[in-house]
file start-v3.cif (mmCIF, C-alpha atoms)
data_query
#
loop_
_atom_site.label_atom_id
_atom_site.label_comp_id
_atom_site.auth_asym_id
_atom_site.auth_seq_id
_atom_site.Cartn_x
_atom_site.Cartn_y
_atom_site.Cartn_z
CA MET A 1 31.85 7.18 7.09
CA PHE A 2 30.21 8.29 3.98
CA ALA A 3 28.76 5.30 2.23
CA GLY A 4 28.79 7.37 -0.93
CA ALA A 5 32.46 8.24 -0.54
CA ALA A 6 33.34 4.60 0.08
CA ARG A 7 31.47 3.57 -3.03
CA GLU A 8 33.05 6.25 -5.18
CA ALA A 9 36.60 6.17 -3.86
CA VAL A 10 37.02 2.55 -2.76
CA PHE A 11 34.53 0.30 -4.52
CA SER A 12 34.76 1.93 -7.94
CA ASN A 13 38.51 1.35 -8.27
CA PRO A 14 38.86 -1.30 -11.04
CA GLU A 15 41.56 -3.24 -9.20
CA VAL A 16 39.56 -3.22 -5.96
CA ILE A 17 36.50 -4.42 -7.87
CA ARG A 18 38.50 -7.25 -9.42
CA ARG A 19 40.04 -8.30 -6.11
CA VAL A 20 36.79 -8.11 -4.12
CA ASN A 21 34.90 -10.20 -6.67
CA ALA A 22 37.68 -12.77 -6.96
CA GLU A 23 38.89 -13.11 -3.39
CA PHE A 24 36.01 -12.16 -1.10
CA VAL A 25 32.29 -12.64 -0.64
CA PRO A 26 30.94 -9.08 -0.68
CA VAL A 27 27.96 -8.39 1.58
CA ALA A 28 26.37 -4.97 2.15
CA LEU A 29 24.76 -4.73 5.57
CA LYS A 30 22.48 -2.10 6.95
CA ALA A 31 24.25 -0.43 9.83
CA ALA A 32 21.13 -0.76 11.99
CA PHE A 33 21.54 -4.54 12.09
CA VAL A 34 25.05 -4.21 13.45
CA ASN A 35 24.41 -1.24 15.73
CA ASN A 36 21.10 -2.35 17.22
CA PRO A 37 20.87 -6.12 16.95
CA GLY A 38 17.89 -7.97 18.35
CA GLY A 39 17.93 -11.14 20.37
CA ASP A 40 17.26 -14.00 17.97
CA ILE A 41 19.95 -16.35 16.72
CA GLU A 42 20.75 -14.37 13.58
CA GLN A 43 20.86 -11.13 15.52
CA LEU A 44 23.43 -12.66 17.89
CA LEU A 45 25.64 -13.01 14.86
CA TYR A 46 25.22 -9.32 14.11
CA ARG A 47 25.92 -8.58 17.77
CA GLU A 48 29.24 -10.47 17.59
CA ILE A 49 30.24 -8.52 14.48
CA GLY A 50 29.22 -5.22 16.04
CA ARG A 51 31.04 -5.95 19.31
CA SER A 52 34.36 -4.75 17.89
CA LYS A 53 33.11 -2.00 15.58
CA PRO A 54 35.12 1.24 15.82
CA ALA A 55 32.26 3.35 14.37
CA PRO A 56 28.61 2.92 13.34
CA GLN A 57 29.68 2.43 9.70
CA GLY A 58 32.76 0.85 8.21
CA ILE A 59 34.34 -1.90 6.17
CA CYS A 60 34.81 -5.22 7.91
CA VAL A 61 36.26 -8.61 7.02
CA VAL A 62 34.98 -11.70 8.83
CA ASN A 63 35.81 -15.39 8.52
CA SER A 64 33.46 -18.22 7.61
CA ASP A 65 32.30 -18.57 11.23
CA GLY A 66 31.27 -14.93 11.39
CA LYS A 67 34.19 -13.75 13.54
CA VAL A 68 35.71 -10.36 12.78
CA LEU A 69 39.25 -10.36 11.39
CA ASP A 70 39.58 -6.63 10.62
CA TRP A 71 37.69 -3.38 10.66
CA VAL A 72 38.82 -0.36 8.67
CA LEU A 73 37.37 3.14 8.33
CA MET A 74 39.86 4.89 6.03
CA PHE A 75 43.04 4.25 4.08
CA ASP A 76 46.36 6.09 3.76
CA ASN A 77 46.03 6.15 -0.02
CA ASP A 78 44.69 4.12 -2.93
CA ARG A 79 47.51 1.55 -2.68
CA ALA A 80 46.63 1.00 0.97
CA VAL A 81 43.16 -0.21 -0.05
CA LEU A 82 44.79 -3.09 -1.93
CA GLY A 83 47.19 -3.54 0.96
CA PHE A 84 44.25 -3.93 3.31
CA LEU A 85 42.76 -6.63 1.09
CA ASP A 86 46.11 -8.45 1.16
CA HIS A 87 46.29 -8.09 4.92
CA ALA A 88 42.74 -9.34 5.45
CA ARG A 89 43.36 -12.33 3.17
CA GLU A 90 46.45 -13.23 5.20
CA ARG A 91 44.51 -13.06 8.44
CA PHE A 92 41.81 -15.24 6.91
CA GLN A 93 44.45 -17.84 5.99
CA GLN A 94 45.57 -17.82 9.64
CA HIS A 95 42.05 -17.78 11.11
CA PRO A 96 39.57 -19.26 8.64
CA ASP A 97 37.32 -20.47 11.48
CA ILE A 98 36.95 -20.47 15.25
CA SER A 99 39.31 -23.35 15.98
CA GLN A 100 41.71 -20.90 17.69
CA PRO A 101 40.91 -17.61 19.45
CA PHE A 102 42.14 -14.43 17.79
CA PRO A 103 41.52 -10.70 18.29
CA ALA A 104 39.64 -8.39 15.95
CA GLU A 105 42.01 -5.82 14.46
CA ARG A 106 40.73 -2.29 13.91
CA TYR A 107 42.14 0.51 11.81
CA MET A 108 41.01 4.08 11.88
CA LYS A 109 43.21 4.43 8.82
CA PHE A 110 45.06 1.53 7.21
CA PRO A 111 47.90 0.93 7.82
CA SER A 112 49.10 4.05 9.66
CA ALA A 113 46.47 4.47 12.39
CA LYS A 114 45.73 1.22 14.19
CA LEU A 115 43.31 1.15 17.08
CA GLU A 116 43.41 -1.21 20.02
CA ASP A 117 42.50 -4.82 19.19
CA VAL A 118 39.34 -6.31 20.64
CA ALA A 119 39.96 -9.66 22.31
CA ASP A 120 38.14 -12.80 21.23
CA SER A 121 34.99 -13.29 23.29
CA GLY A 122 35.51 -17.04 23.36
CA ARG A 123 31.97 -17.45 22.17
CA ALA A 124 31.08 -18.84 18.77
CA PRO A 125 27.90 -17.49 17.24
CA LEU A 126 25.56 -20.19 16.01
CA ILE A 127 25.27 -19.84 12.26
CA LEU A 128 22.11 -20.97 10.54
CA GLU A 129 22.32 -22.43 7.04
CA ARG A 130 19.29 -20.40 6.05
CA HIS A 131 16.47 -18.41 7.57
CA PRO A 132 14.03 -20.61 9.49
CA PRO A 133 10.77 -21.41 7.69
CA GLY A 134 8.36 -18.52 8.01
CA GLN A 135 11.06 -16.00 8.80
CA ARG A 136 12.29 -13.52 6.25
CA CYS A 137 15.78 -12.16 5.90
CA PRO A 138 15.95 -8.86 7.82
CA ALA A 139 17.52 -7.29 4.72
CA GLN A 140 14.39 -8.01 2.73
CA GLN A 141 12.03 -5.08 2.80
CA LEU A 142 8.33 -5.95 2.76
CA LEU A 143 5.92 -3.46 1.23
CA PRO A 144 2.14 -3.43 1.12
CA GLN A 145 0.57 -4.70 -2.10
CA GLY A 146 0.05 -1.90 -4.59
CA THR A 147 2.92 0.25 -3.36
CA ILE A 148 4.72 1.87 -6.25
CA ILE A 149 8.48 1.50 -6.32
CA ALA A 150 9.82 4.49 -8.20
CA ARG A 151 13.34 4.51 -9.63
CA VAL A 152 15.01 7.84 -10.27
CA PHE A 153 17.79 8.46 -12.78
CA GLY A 154 19.56 11.81 -12.87
CA ARG A 155 22.33 13.15 -15.07
CA ALA A 156 24.31 16.36 -15.12
CA LEU A 157 24.84 17.69 -18.62
CA GLY A 158 28.19 18.89 -19.83
CA PRO A 159 28.89 22.10 -21.75
CA ASP A 160 27.96 20.25 -24.96
CA GLY A 161 24.46 19.63 -23.63
CA LYS A 162 25.00 15.88 -23.39
CA PRO A 163 25.04 13.78 -20.21
CA MET A 164 28.47 13.83 -18.60
CA VAL A 165 30.44 10.69 -19.34
CA GLU A 166 31.77 10.33 -15.80
CA THR A 167 29.18 8.36 -13.81
CA VAL A 168 30.96 7.27 -10.63
CA ARG A 169 30.49 10.54 -8.78
CA GLN A 170 26.97 11.19 -7.62
CA GLU A 171 27.10 14.87 -8.53
CA HIS A 172 27.27 13.65 -12.15
CA TYR A 173 24.94 10.65 -12.07
CA ILE A 174 22.48 9.33 -9.54
CA GLU A 175 20.16 6.44 -9.22
CA ASP A 176 17.69 6.48 -6.40
CA ARG A 177 14.44 4.85 -5.43
CA PHE A 178 11.45 5.68 -3.31
CA GLU A 179 8.04 4.24 -2.58
CA ILE A 180 4.63 5.75 -3.23
CA PRO A 181 2.29 4.30 -0.59
CA VAL A 182 -1.28 3.42 -1.51
CA ASN A 183 -2.79 6.19 0.61
CA LEU A 184 -1.26 8.68 -1.83
CA HIS A 185 -2.81 6.75 -4.74
CA GLU A 186 -6.20 7.05 -3.09
CA GLU A 187 -5.75 10.78 -2.54
CA MET A 188 -4.92 11.16 -6.23
CA ALA A 189 -7.98 9.09 -7.19
CA ARG A 190 -10.23 11.35 -5.13
CA ALA A 191 -8.75 14.48 -6.71
CA LEU A 192 -9.20 12.96 -10.16
CA ALA A 193 -12.82 12.00 -9.49
CA LYS A 194 -13.56 15.53 -8.32
CA ALA A 195 -11.89 17.13 -11.33
CA GLY A 196 -13.46 14.93 -13.99
CA SER A 197 -11.88 15.93 -17.28
CA ASP A 198 -10.65 19.29 -15.96
CA ARG A 199 -7.06 20.10 -15.14
CA PHE A 200 -6.37 19.76 -11.42
CA GLU A 201 -3.57 20.11 -8.93
CA VAL A 202 -1.77 16.90 -7.95
CA PRO A 203 -2.34 16.45 -4.19
CA ASP A 204 0.50 17.99 -2.26
CA ALA A 205 1.86 14.85 -0.59
CA LEU A 206 2.08 13.00 -3.89
CA ALA A 207 3.58 15.97 -5.71
CA TRP A 208 6.23 16.38 -3.03
CA SER A 209 6.98 12.68 -3.09
CA LEU A 210 7.57 12.88 -6.84
CA VAL A 211 9.71 16.02 -7.02
CA SER A 212 11.75 15.72 -3.83
CA HIS A 213 14.03 12.90 -4.98
CA ALA A 214 15.37 14.76 -8.01
CA TYR A 215 18.76 16.03 -6.91
CA LEU A 216 22.33 15.05 -7.62
CA GLY A 217 24.89 14.12 -5.00
CA GLN A 218 24.94 11.99 -1.89
CA LEU A 219 22.10 11.70 0.63
CA ASP A 220 23.68 14.31 2.86
CA VAL A 221 23.20 17.09 0.30
CA ASN A 222 19.46 16.58 -0.06
CA PRO A 223 18.16 20.15 -0.50
CA CYS A 224 14.73 18.99 0.61
CA GLY A 225 15.96 17.85 4.01
CA SER A 226 19.31 16.22 4.66
CA PRO A 227 19.43 13.30 7.12
CA ALA A 228 22.78 14.65 8.35
CA GLY A 229 21.80 18.19 9.25
CA GLY A 230 21.48 21.38 7.32
CA GLU A 231 18.32 23.19 6.39
CA SER A 232 15.98 23.29 3.46
CA ASP A 233 15.10 26.93 2.88
CA LEU A 234 13.13 26.80 -0.36
CA LYS A 235 10.36 24.40 -1.34
CA GLN A 236 8.26 25.70 -4.20
CA TYR A 237 6.57 23.14 -6.38
CA LYS A 238 3.32 22.53 -8.18
CA LEU A 239 2.26 19.66 -10.38
CA TRP A 240 -0.87 19.77 -12.52
CA ALA A 241 -2.74 16.78 -13.89
CA GLN A 242 -5.38 16.12 -16.52
CA ARG A 243 -6.79 12.89 -17.80
CA VAL A 244 -6.19 12.06 -21.43
CA ASP A 245 -7.83 9.55 -23.73
CA SER A 246 -6.68 6.00 -23.29
CA GLY A 247 -7.78 2.68 -24.70
CA ARG A 248 -10.95 0.99 -23.54
CA ASN A 249 -9.26 -1.59 -21.34
CA ALA A 250 -6.09 0.37 -20.72
CA PRO A 251 -5.39 2.08 -17.40
CA LEU A 252 -6.60 5.65 -17.14
CA ARG A 253 -3.78 7.90 -18.33
CA ILE A 254 -3.16 11.25 -16.67
CA ARG A 255 -0.81 13.82 -18.11
CA VAL A 256 1.29 15.61 -15.50
CA GLU A 257 3.26 18.83 -15.79
CA GLY A 258 4.63 21.43 -13.43
CA HIS A 259 7.70 22.87 -11.80
CA SER A 260 9.78 22.58 -8.68
CA GLU A 261 12.41 24.74 -7.06
CA VAL A 262 14.18 23.58 -3.92
CA ALA A 263 17.25 24.76 -2.07
CA GLY A 264 19.09 23.94 1.12
CA GLY A 265 22.46 23.87 2.75
CA GLN A 266 24.59 23.93 5.83
CA GLU A 267 27.09 26.46 7.06
CA SER A 268 30.30 25.25 8.60
CA ALA A 269 30.57 25.48 12.37
CA LEU A 270 33.43 25.19 14.78
CA PRO A 271 34.35 21.64 15.79
CA GLY A 272 32.34 20.57 18.77
CA GLN A 273 29.30 22.53 17.69
CA GLY A 274 27.68 19.60 16.03
CA ASN A 275 29.22 19.98 12.60
CA ASP A 276 32.01 17.81 11.24
CA GLY A 277 33.40 20.60 9.07
CA ARG A 278 31.06 20.27 6.15
CA THR A 279 29.74 23.26 4.24
CA TRP A 280 27.28 22.80 1.44
CA ARG A 281 24.70 24.59 -0.66
CA HIS A 282 22.34 22.97 -3.14
CA GLU A 283 19.77 24.51 -5.49
CA VAL A 284 17.60 22.62 -7.98
CA LYS A 285 15.13 24.11 -10.43
CA LEU A 286 13.15 21.79 -12.70
CA GLN A 287 10.27 21.66 -15.18
CA TRP A 288 8.29 18.42 -15.06
CA GLU A 289 6.19 16.49 -17.55
CA GLY A 290 5.00 12.94 -17.89
CA PHE A 291 2.23 10.50 -17.14
CA LEU A 292 0.60 8.64 -14.31
CA GLU A 293 -1.65 5.69 -15.05
CA MET A 294 -4.39 4.54 -12.72
CA ARG A 295 -6.70 1.58 -12.38
CA GLY A 296 -9.47 2.42 -9.97
CA SER A 297 -7.92 3.97 -6.90
CA ARG A 298 -4.44 2.64 -7.59
CA ILE A 299 -1.58 4.23 -9.48
CA VAL A 300 -0.13 1.50 -11.69
CA SER A 301 2.53 3.43 -13.58
CA VAL A 302 4.63 6.56 -13.17
CA LEU A 303 6.70 8.07 -15.98
CA LEU A 304 8.11 11.51 -15.30
CA TRP A 305 10.79 13.61 -16.95
CA ALA A 306 12.36 16.73 -15.49
CA ALA A 307 14.71 19.21 -17.10
CA GLY A 308 16.36 22.20 -15.52
CA SER A 309 19.41 23.45 -13.72
CA GLU A 310 21.22 22.59 -10.54
CA LYS A 311 24.00 24.05 -8.44
CA LEU A 312 25.84 22.06 -5.78
CA ASN A 313 28.79 23.06 -3.64
CA TRP A 314 30.31 20.80 -0.99
CA ARG A 315 33.51 21.18 0.98
CA ASN A 316 34.97 20.17 4.31
CA ASP A 317 37.03 22.72 6.17
CA LEU A 318 38.52 20.47 8.84
CA PRO A 319 42.32 20.53 8.67
CA HIS A 320 42.63 16.75 8.35
CA ALA A 321 40.26 16.62 5.40
CA THR A 322 42.38 16.00 2.35
CA THR A 323 41.91 15.85 -1.36
CA ASN A 324 42.50 12.08 -1.38
CA ALA A 325 39.04 10.72 -0.72
CA VAL A 326 40.10 7.30 0.63
CA SER A 327 42.15 8.94 3.37
CA PHE A 328 39.20 10.81 4.86
CA LEU A 329 36.02 9.16 3.69
CA PRO A 330 33.71 11.06 6.06
CA ALA A 331 34.66 14.32 4.34
CA GLY A 332 33.72 13.22 0.86
CA HIS A 333 35.36 15.13 -1.96
CA TYR A 334 35.16 18.77 -2.96
CA ILE A 335 32.18 19.46 -5.25
CA ASP A 336 31.52 22.53 -7.36
CA GLN A 337 28.90 21.45 -9.87
CA SER A 338 26.65 23.80 -11.75
CA GLY A 339 24.71 23.35 -14.96
CA GLU A 340 21.85 21.72 -16.77
CA VAL A 341 20.40 18.46 -15.48
CA ARG A 342 17.86 15.85 -16.56
CA TYR A 343 15.89 13.41 -14.44
CA GLY A 344 13.62 10.51 -15.17
CA ILE A 345 11.34 8.56 -12.84
CA ILE A 346 9.88 5.15 -13.65
CA GLY A 347 7.44 3.73 -11.13
CA GLU A 348 5.77 0.32 -11.08
CA PRO A 349 3.80 -1.59 -8.46
CA VAL A 350 5.81 -3.75 -6.08
CA ASN A 351 5.87 -7.38 -7.13
CA SER A 352 4.06 -9.97 -5.05
CA LYS A 353 7.27 -11.30 -3.45
CA ARG A 354 7.85 -8.03 -1.66
CA MET B 1 3.29 -4.99 -25.45
CA LEU B 2 5.51 -3.36 -28.00
CA THR B 3 7.32 -5.52 -30.46
CA ARG B 4 11.10 -5.49 -30.40
CA ILE B 5 11.19 -3.55 -33.69
CA THR B 6 8.78 -0.93 -32.42
CA LEU B 7 10.69 -0.61 -29.16
CA THR B 8 13.96 -0.19 -31.03
CA PHE B 9 12.36 2.56 -33.07
CA VAL B 10 11.05 4.20 -29.93
CA VAL B 11 14.46 4.11 -28.23
CA ILE B 12 16.14 5.61 -31.28
CA ALA B 13 13.45 8.26 -31.48
CA ALA B 14 13.88 9.02 -27.80
CA LEU B 15 17.63 9.32 -28.05
CA CYS B 16 17.28 11.68 -30.98
CA ALA B 17 14.56 13.73 -29.36
CA GLY B 18 15.22 16.91 -27.52
CA ASP B 19 12.96 18.07 -24.75
CA ILE B 20 9.86 17.81 -26.85
CA THR B 21 6.58 18.52 -25.14
CA LEU B 22 4.64 15.37 -24.56
CA ARG B 23 1.16 14.94 -25.87
CA GLY B 24 -1.38 12.69 -24.27
CA ALA B 25 -2.58 9.44 -25.69
CA ALA B 26 -1.21 7.52 -28.60
CA VAL B 27 -2.56 8.49 -31.98
CA ALA B 28 -3.14 5.77 -34.52
CA GLY B 29 -0.04 5.28 -36.59
CA GLN B 30 2.17 7.13 -34.11
CA SER B 31 4.24 5.81 -31.26
CA ASP B 32 2.78 5.88 -27.78
CA PRO B 33 4.10 9.04 -26.05
CA ALA B 34 4.40 7.15 -22.76
CA GLU B 35 6.61 4.52 -24.38
CA THR B 36 8.65 7.27 -26.01
CA LEU B 37 9.08 8.93 -22.65
CA LYS B 38 10.02 5.67 -20.95
CA ALA B 39 12.70 5.06 -23.58
CA ARG B 40 14.03 8.58 -23.06
CA ILE B 41 14.24 7.97 -19.31
CA GLU B 42 15.93 4.60 -19.78
CA ALA B 43 18.46 6.30 -22.05
CA LEU B 44 19.63 8.32 -19.04
CA ARG B 45 21.09 5.12 -17.58
CA PRO B 46 24.71 4.52 -18.53
CA ALA B 47 25.48 1.10 -19.98
CA ALA B 48 27.92 0.31 -17.19
CA VAL B 49 28.53 1.95 -13.84
CA ALA B 50 31.72 1.02 -12.00
CA TRP B 51 30.12 0.51 -8.61
CA ARG B 52 27.60 -1.96 -10.02
CA LYS B 53 30.43 -4.36 -10.85
CA ILE B 54 30.58 -5.65 -7.29
CA GLN B 55 27.61 -7.94 -6.74
CA TRP B 56 26.85 -7.18 -3.12
CA LYS B 57 24.75 -9.71 -1.29
CA SER B 58 22.37 -8.36 1.31
CA CYS B 59 21.86 -11.55 3.34
CA LEU B 60 24.55 -12.30 5.91
CA LEU B 61 23.57 -15.99 6.12
CA ASP B 62 23.87 -16.36 2.34
CA GLY B 63 27.28 -14.71 2.50
CA LEU B 64 28.56 -16.99 5.25
CA LYS B 65 27.31 -20.05 3.37
CA GLU B 66 29.24 -18.97 0.28
CA SER B 67 32.26 -18.17 2.43
CA ARG B 68 32.32 -21.73 3.76
CA GLU B 69 31.76 -23.25 0.32
CA LYS B 70 34.35 -21.15 -1.50
CA LYS B 71 36.74 -20.72 1.41
CA LYS B 72 36.78 -16.96 1.00
CA PRO B 73 36.45 -14.30 3.71
CA LEU B 74 33.41 -12.04 3.79
CA LEU B 75 33.92 -8.38 3.02
CA LEU B 76 31.18 -6.50 4.84
CA TRP B 77 30.26 -2.96 3.85
CA VAL B 78 28.35 -1.74 6.88
CA PHE B 79 26.56 1.32 5.67
CA ILE B 80 23.74 3.71 6.34
CA ASP B 81 20.28 2.63 7.21
CA ARG B 82 18.74 2.53 3.79
CA PRO B 83 17.43 -0.45 1.85
CA THR B 84 20.40 -2.35 0.50
CA ASP B 85 19.15 -2.12 -3.07
CA ASP B 86 19.07 1.62 -2.83
CA ALA B 87 21.41 3.25 -5.28
CA ARG B 88 21.94 6.68 -3.71
CA CYS B 89 24.14 6.63 -0.66
#
call {"tool": "encode", "arguments": {"input": "start-v3.cif", "output": "structure tokens"}}
result
Amino acid sequence: MFAGAAREAVFSNPEVIRRVNAEFVPVALKAAFVNNPGGDIEQLLYREIGRSKPAPQGICVVNSDGKVLDWVLMFDNDRAVLGFLDHARERFQQHPDISQPFPAERYMKFPSAKLEDVADSGRAPLILERHPPGQRCPAQQLLPQGTIIARVFGRALGPDGKPMVETVRQEHYIEDRFEIPVNLHEEMARALAKAGSDRFEVPDALAWSLVSHAYLGQLDVNPCGSPAGGESDLKQYKLWAQRVDSGRNAPLRIRVEGHSEVAGGQESALPGQGNDGRTWRHEVKLQWEGFLEMRGSRIVSVLLWAAGSEKLNWRNDLPHATTNAVSFLPAGHYIDQSGEVRYGIIGEPVNSKR
Amino acid sequence: MLTRITLTFVVIAALCAGDITLRGAAVAGQSDPAETLKARIEALRPAAVAWRKIQWKSCLLDGLKESREKKKPLLLWVFIDRPTDDARC
């Protein structure tokens, strides 16, 4: 299932938002916890949830004892999403806890395509009130001190040159984040020391880290290397840096400018040849400017702006892919986006809690 | 730290600005170009995004605790292996 499609088609529907907030406790779980649970007490809870999963990703409703009531992967239509919430609420009323055994229901598509139920295991997972002292929540990501967390904001511009008003679809608006590890700071510090006050090239690994997150659309259409297949066939980029005057006690400010041009895509293949029907092509061309600030060998601030153009096409040629996104979430929706874009990156050091 | 008034000015200036070329350090009497740039970047963020209106928890134990307290079922969104506070998916 496309997480992006679920977010856009299911969890951006105003009535679904209202119902989820009012009637459920929404929890977003990394699929890895459910698909590859460990052996400690909390992981046994994930194991029980994953025992009935119909696919590595999905939407699941569980009761207060952590037992699965329903899994669903897709919906017949938008009304069926609300119908599923009704159905799950009813099952919760019948089975709010583990006092009676009950099966986990599973829907490939609700309500028309029901899969076989998974019988109750008869085992009740032990539920901790909180994480034991000294143990962190597995969802909490720990990062080395000094790591920069960079947030990316990207907008497609409309014909009027202004950011498009529609912000649910990721081909129109994206937020993203990435980390800049301290070894890249140190590489930059060495390059800066060597250059003195001269203009110099930003070390390649840092430059790539900065420019490679600027693209619209879901993760799968990353022109710099999609996690779901496809190839990146163009990676041309160069960032230049030069120190500028800054206050006596202020961090050292470095002006950055440059360009990037990346492209990638995936051709459709016949079913069974490792492609689920997707076809996509993505090209991004940007001019960059902004500032890095450093204290010693550490980057302490990143502010970058990019302006340029972008072209993204996405389609799914499988016959069961439809135009109603909720009824075939893995296909996503048809995209034909082309035009001017703007990106901004704001990076700050990780706080001490992380 | 910029004062609220200065920051307001910077945001307005950023919103009005086109793709002006940035200069380096702040010049006395002028706004800091880095602050101007930061305001321009922040202005890319829409005031409200539909998918932010669901306050997803990331801790299963927290969710189960609230489920018991409020007598509500948990809705789990089991999704790709990225940090749960990631915004692109």
call {"tool": "interface_residues", "arguments": {"input": "start-v3.cif", "of": "chain A", "to": "chain B", "cutoff": "7 Å", "atoms": "all atoms listed in the file", "output": "PyMOL selection string"}}
result
chain A and resi 3-4+7+11-12+17+21+23-32+57-64+92+128-130+137+139+153+155+167-168+174-177+218-219+244-246+255+291+303+344
call {"tool": "atom_distance", "arguments": {"input": "start-v3.cif", "atom1": "atom CA of Val118 of chain A", "atom2": "atom CA of Pro103 of chain A"}}
result
5.4 Å
call {"tool": "resolve_selection", "arguments": {"input": "start-v3.cif", "expression": "the PyMOL selection byres ((chain A and resi 35) around 10)", "output": "ChimeraX atom specification"}}
result
/A:30-34,36-38,46-47,49-51,53,55-57 /B:78
call {"tool": "closest_residue", "arguments": {"input": "start-v3.cif", "among": "A:Glu116, A:Glu187, A:Asp97, A:Asp220", "to": "Pro203 of chain A", "atoms": "all atoms listed in the file"}}
result
A:Glu187
call {"tool": "closest_residue", "arguments": {"input": "start-v3.cif", "among": "A:Ser297, A:Asn316, A:Gln43, A:Ser112", "to": "Met188 of chain A", "atoms": "all atoms listed in the file"}}
result
A:Ser297
call {"tool": "residues_near_point", "arguments": {"input": "start-v3.cif", "point": "(-11.4, 11.8, -9.6)", "cutoff": "12 Å", "atoms": "only C-alpha atoms", "output": "MDAnalysis selection string"}}
result
chainID A and resid 185:203 241:243 252 254 294:298
call {"tool": "resolve_selection", "arguments": {"input": "start-v3.cif", "expression": "the PyMOL selection byres ((chain A and resi 111) around 8)", "output": "list in words"}}
result
Phe75, Asp76, Ala80, Phe84, Tyr107, Lys109, Phe110, Ser112, Ala113 and Lys114 of chain A
call {"tool": "residues_near_point", "arguments": {"input": "start-v3.cif", "point": "(32.5, 7.6, 0.7)", "cutoff": "8 Å", "atoms": "only C-alpha atoms", "output": "JSON, numbers by chain"}}
result
{"A": [1, 2, 3, 4, 5, 6, 7, 8, 9, 10, 325, 326, 329, 330, 331, 332]}
call {"tool": "closest_residue", "arguments": {"input": "start-v3.cif", "among": "A:Glu340, A:Arg253, A:Arg281, A:Glu348", "to": "Asp32 of chain B", "atoms": "all atoms listed in the file"}}
result
A:Arg253
call {"tool": "atom_distance", "arguments": {"input": "start-v3.cif", "atom1": "atom CA of Gly308 of chain A", "atom2": "atom CA of Ala263 of chain A"}}
result
13.7 Å
call {"tool": "atom_distance", "arguments": {"input": "start-v3.cif", "atom1": "atom CA of Ala104 of chain A", "atom2": "atom CA of Glu15 of chain A"}}
result
25.7 Å
call {"tool": "closest_residue", "arguments": {"input": "start-v3.cif", "among": "A:Leu143, A:Ala119, A:Leu82, A:Leu73", "to": "Glu48 of chain A", "atoms": "only C-alpha atoms"}}
result
A:Ala119
call {"tool": "closest_residue", "arguments": {"input": "start-v3.cif", "among": "A:Asp65, A:Gln94, A:His282, A:Ile127", "to": "Ile41 of chain A", "atoms": "only C-alpha atoms"}}
result
A:Ile127
call {"tool": "resolve_selection", "arguments": {"input": "start-v3.cif", "expression": "the PyMOL selection byres ((chain A and resi 209) around 12)", "output": "PyMOL selection string"}}
result
chain A and resi 148-150+152+177-181+184-185+202-208+210-214+224+237-239+260+345
call {"tool": "decode", "arguments": {"input": "start-v3.cif", "residues": "segment 28-39 of chain A", "atoms": "N, CA and C atoms", "output": "mmCIF file, in the first residue's frame"}}
result
data_model
loop_
_atom_site.group_PDB
_atom_site.id
_atom_site.type_symbol
_atom_site.label_atom_id
_atom_site.label_comp_id
_atom_site.auth_asym_id
_atom_site.auth_seq_id
_atom_site.Cartn_x
_atom_site.Cartn_y
_atom_site.Cartn_z
ATOM 1 N N ALA A 28 0.452 5.771 14.303
ATOM 2 C CA ALA A 28 1.190 5.424 13.081
ATOM 3 C C ALA A 28 2.386 4.562 13.470
ATOM 4 N N LEU A 29 2.435 3.368 12.928
ATOM 5 C CA LEU A 29 3.501 2.426 13.280
ATOM 6 C C LEU A 29 4.404 2.161 12.092
ATOM 7 N N LYS A 30 5.677 2.095 12.370
ATOM 8 C CA LYS A 30 6.594 1.674 11.310
ATOM 9 C C LYS A 30 6.329 0.208 10.985
ATOM 10 N N ALA A 31 6.239 -0.073 9.697
ATOM 11 C CA ALA A 31 5.935 -1.438 9.278
ATOM 12 C C ALA A 31 6.970 -2.438 9.784
ATOM 13 N N ALA A 32 8.207 -1.990 9.938
ATOM 14 C CA ALA A 32 9.267 -2.912 10.379
ATOM 15 C C ALA A 32 8.952 -3.512 11.746
ATOM 16 N N PHE A 33 8.292 -2.734 12.616
ATOM 17 C CA PHE A 33 7.979 -3.260 13.944
ATOM 18 C C PHE A 33 6.987 -4.417 13.860
ATOM 19 N N VAL A 34 6.063 -4.294 12.921
ATOM 20 C CA VAL A 34 5.027 -5.311 12.775
ATOM 21 C C VAL A 34 5.543 -6.499 11.955
ATOM 22 N N ASN A 35 6.382 -6.206 10.968
ATOM 23 C CA ASN A 35 6.841 -7.270 10.075
ATOM 24 C C ASN A 35 8.019 -8.061 10.632
ATOM 25 N N ASN A 36 8.836 -7.402 11.425
ATOM 26 C CA ASN A 36 10.022 -8.084 11.974
ATOM 27 C C ASN A 36 10.162 -7.796 13.463
ATOM 28 N N PRO A 37 9.200 -8.254 14.255
ATOM 29 C CA PRO A 37 9.265 -7.941 15.682
ATOM 30 C C PRO A 37 10.392 -8.709 16.371
ATOM 31 N N GLY A 38 10.894 -8.110 17.428
ATOM 32 C CA GLY A 38 11.933 -8.769 18.222
ATOM 33 C C GLY A 38 11.305 -9.678 19.258
ATOM 34 N N GLY A 39 12.017 -9.899 20.341
ATOM 35 C CA GLY A 39 11.551 -10.895 21.305
ATOM 36 C C GLY A 39 11.164 -10.345 22.663
#
